[in-house]
Every structure is written in C-alpha cells, then in structure tokens.
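Worksheet for the structure shown next.
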Amino acid sequence: MLRWSIPYLIVNICWSLPLISQIEPIEWAPIGAKWWYNYTMGVSDPSIVIQTMESIGDTVILNKNCRILKNDVDLNGDGNLAPQSNRFIYQNGDTVFYYNDVLNKFSILYNLAASNGDTLLILEPDIFQGDS
C-alpha cells in the first residue's frame, strides 16, 4: 500500500506546482482595510497626532488601477478627525507605489521583496509622513 502512495503523492505535487507558481501576491490595500498611526508633533509643547487611512475604493490615475486611501487626522487628541486629501496607491507584484500629485508621478512606497542590504533610492519628499 505504501508503495502506491508515494508515486501518487509525487504525481499530485508535480501537477500542483504550476498552480502554486501562479498565486498572486497578497493584496496590499483591499477595500475596507484601515490603518491607525500615532506620532508626536512639536518640540516645545509636543502633542500626540492620530492619523487614519482607509481603503475606500478604486480609481485610475496615469493608466494605473489605484486604490483610494481616505486620510483623516486628529491634531488635538480629542477624537475629532479632520479630513485630509486622499492618497492613491497601486500594487505591482511585491511593490506598492503611491501617487505624488506635486510631481504627477508614482514612486515606491514599499518593496515587500526587499532583502537586508538592498538599497531603495527615494528622490522626492515622502507624502506619507508620521510613523508609517
């Protein structure tokens, strides 16, 4: 019985390999995902800032299918969130890009395949500020 199980197992593994290699990377910002950030702002009288980002929908910018991130900030720590300008991101494989509306281009936000020792060159100011 064991003699027949091993070839059966090998055939199933070989048959499954092409399917496993076609698995898409995990989606970075599925609609409904929400992030909370807090960070300190100010030097002489520091205050805690709370920022939320929520993936709320899809759009197209520069021919890229993007996610819309609703961006709200609580500057006073009183729980009242003030809407800020939306952010736009898209994912290509293991890399997440954000739209910089000042430069009218996309730049790398995260390279999830980066390894220890890799270098990412960032030439423009980061619009994702705070503790992200």
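Chain lettering (A, B, ...) mirrors the order of the structure tokens, residue numbering begins at 1 for each chain separately, and ligand numbering begins at 1 in order of display.
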> Running DSSP on the backbone, which parts of region 15-84 of chain A land in strand (DSSP E), as number ranges by chain?
Replying inline: A: 34-41, 47-61, 64-74, 82-83
Let's have the selection written as an mmCIF file, in the first residue's frame, with N, CA and C atoms.
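See out.cif below for the written result:
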```cif
data_model
loop_
_atom_site.group_PDB
_atom_site.id
_atom_site.type_symbol
_atom_site.label_atom_id
_atom_site.label_comp_id
_atom_site.auth_asym_id
_atom_site.auth_seq_id
_atom_site.Cartn_x
_atom_site.Cartn_y
_atom_site.Cartn_z
ATOM 1 N N LYS A 34 -8.054 49.340 7.090
ATOM 2 C CA LYS A 34 -7.880 50.625 7.776
ATOM 3 C C LYS A 34 -6.622 50.564 8.638
ATOM 4 N N TRP A 35 -5.853 51.655 8.617
ATOM 5 C CA TRP A 35 -4.631 51.756 9.402
ATOM 6 C C TRP A 35 -4.759 52.943 10.355
ATOM 7 N N TRP A 36 -4.204 52.789 11.548
ATOM 8 C CA TRP A 36 -4.159 53.861 12.539
ATOM 9 C C TRP A 36 -2.700 54.129 12.853
ATOM 10 N N TYR A 37 -2.318 55.395 12.838
ATOM 11 C CA TYR A 37 -0.963 55.797 13.180
ATOM 12 C C TYR A 37 -1.053 56.847 14.276
ATOM 13 N N ASN A 38 -0.084 56.825 15.172
ATOM 14 C CA ASN A 38 0.034 57.929 16.110
ATOM 15 C C ASN A 38 1.497 58.331 16.187
ATOM 16 N N TYR A 39 1.715 59.619 16.317
ATOM 17 C CA TYR A 39 3.068 60.138 16.392
ATOM 18 C C TYR A 39 3.033 61.465 17.131
ATOM 19 N N THR A 40 4.200 61.890 17.595
ATOM 20 C CA THR A 40 4.329 63.135 18.336
ATOM 21 C C THR A 40 4.678 64.255 17.365
ATOM 22 N N MET A 41 4.013 65.405 17.557
ATOM 23 C CA MET A 41 4.260 66.556 16.696
ATOM 24 C C MET A 41 4.580 67.752 17.580
ATOM 25 N N SER A 47 2.458 67.249 21.032
ATOM 26 C CA SER A 47 1.119 66.667 21.136
ATOM 27 C C SER A 47 1.084 65.375 20.329
ATOM 28 N N ILE A 48 0.179 64.501 20.709
ATOM 29 C CA ILE A 48 0.009 63.235 20.009
ATOM 30 C C ILE A 48 -0.966 63.447 18.851
ATOM 31 N N VAL A 49 -0.543 63.072 17.669
ATOM 32 C CA VAL A 49 -1.375 63.162 16.473
ATOM 33 C C VAL A 49 -1.845 61.759 16.131
ATOM 34 N N ILE A 50 -3.121 61.629 15.824
ATOM 35 C CA ILE A 50 -3.667 60.342 15.396
ATOM 36 C C ILE A 50 -4.095 60.492 13.942
ATOM 37 N N GLN A 51 -3.626 59.574 13.117
ATOM 38 C CA GLN A 51 -3.947 59.605 11.694
ATOM 39 C C GLN A 51 -4.553 58.260 11.318
ATOM 40 N N THR A 52 -5.602 58.292 10.506
ATOM 41 C CA THR A 52 -6.184 57.061 9.992
ATOM 42 C C THR A 52 -6.167 57.107 8.470
ATOM 43 N N MET A 53 -5.987 55.951 7.876
ATOM 44 C CA MET A 53 -6.112 55.794 6.428
ATOM 45 C C MET A 53 -6.984 54.578 6.191
ATOM 46 N N GLU A 54 -7.937 54.725 5.279
ATOM 47 C CA GLU A 54 -8.841 53.623 4.963
ATOM 48 C C GLU A 54 -8.962 53.483 3.457
ATOM 49 N N SER A 55 -8.835 52.251 2.987
ATOM 50 C CA SER A 55 -9.002 51.958 1.568
ATOM 51 C C SER A 55 -10.499 51.965 1.268
ATOM 52 N N ILE A 56 -10.942 52.948 0.437
ATOM 53 C CA ILE A 56 -12.381 53.136 0.258
ATOM 54 C C ILE A 56 -12.881 52.877 -1.158
ATOM 55 N N GLY A 57 -11.986 52.707 -2.127
ATOM 56 C CA GLY A 57 -12.480 52.489 -3.486
ATOM 57 C C GLY A 57 -11.352 52.433 -4.498
ATOM 58 N N ASP A 58 -11.758 52.430 -5.757
ATOM 59 C CA ASP A 58 -10.818 52.327 -6.866
ATOM 60 C C ASP A 58 -10.926 53.551 -7.762
ATOM 61 N N THR A 59 -9.828 53.842 -8.445
ATOM 62 C CA THR A 59 -9.797 54.892 -9.443
ATOM 63 C C THR A 59 -8.666 54.585 -10.425
ATOM 64 N N VAL A 60 -8.544 55.368 -11.477
ATOM 65 C CA VAL A 60 -7.455 55.214 -12.440
ATOM 66 C C VAL A 60 -6.693 56.529 -12.511
ATOM 67 N N ILE A 61 -5.381 56.444 -12.324
ATOM 68 C CA ILE A 61 -4.502 57.612 -12.441
ATOM 69 C C ILE A 61 -3.318 57.205 -13.309
ATOM 70 N N LYS A 64 -3.058 53.652 -14.372
ATOM 71 C CA LYS A 64 -2.831 52.637 -13.342
ATOM 72 C C LYS A 64 -4.111 52.484 -12.531
ATOM 73 N N ASN A 65 -4.530 51.246 -12.294
ATOM 74 C CA ASN A 65 -5.672 50.977 -11.412
ATOM 75 C C ASN A 65 -5.218 51.168 -9.976
ATOM 76 N N CYS A 66 -5.774 52.164 -9.310
ATOM 77 C CA CYS A 66 -5.318 52.564 -7.984
ATOM 78 C C CYS A 66 -6.397 52.348 -6.931
ATOM 79 N N ARG A 67 -5.959 52.307 -5.694
ATOM 80 C CA ARG A 67 -6.854 52.324 -4.546
ATOM 81 C C ARG A 67 -6.858 53.731 -3.968
ATOM 82 N N ILE A 68 -8.021 54.146 -3.530
ATOM 83 C CA ILE A 68 -8.176 55.451 -2.880
ATOM 84 C C ILE A 68 -8.060 55.230 -1.385
ATOM 85 N N LEU A 69 -7.148 55.961 -0.743
ATOM 86 C CA LEU A 69 -6.995 55.896 0.704
ATOM 87 C C LEU A 69 -7.535 57.185 1.303
ATOM 88 N N LYS A 70 -8.625 57.056 2.050
ATOM 89 C CA LYS A 70 -9.190 58.197 2.770
ATOM 90 C C LYS A 70 -8.262 58.495 3.943
ATOM 91 N N ASN A 71 -7.904 59.747 4.102
ATOM 92 C CA ASN A 71 -6.884 60.156 5.063
ATOM 93 C C ASN A 71 -7.487 61.162 6.038
ATOM 94 N N ASP A 72 -7.542 60.831 7.331
ATOM 95 C CA ASP A 72 -8.072 61.725 8.359
ATOM 96 C C ASP A 72 -7.034 61.894 9.468
ATOM 97 N N VAL A 73 -7.022 63.085 10.094
ATOM 98 C CA VAL A 73 -6.055 63.372 11.147
ATOM 99 C C VAL A 73 -6.752 64.033 12.330
ATOM 100 N N ASP A 74 -6.379 63.602 13.532
ATOM 101 C CA ASP A 74 -6.818 64.227 14.783
ATOM 102 C C ASP A 74 -5.605 64.938 15.372
ATOM 103 N N ALA A 82 -10.183 65.234 11.287
ATOM 104 C CA ALA A 82 -10.350 66.205 10.210
ATOM 105 C C ALA A 82 -9.914 65.556 8.903
ATOM 106 N N PRO A 83 -10.785 65.601 7.870
ATOM 107 C CA PRO A 83 -10.404 65.004 6.587
ATOM 108 C C PRO A 83 -9.208 65.720 5.963
#
```
> Near Tyr98 (chain A), counting only C-alpha atoms, which residues have an atom at most 12 Å away, once you skip same-chain residues fewer than 5 positions from it, shown as a PyMOL selection string?
Replying inline: chain A and resi 28-29+61-62+64-69+86-92+103-111+124-128
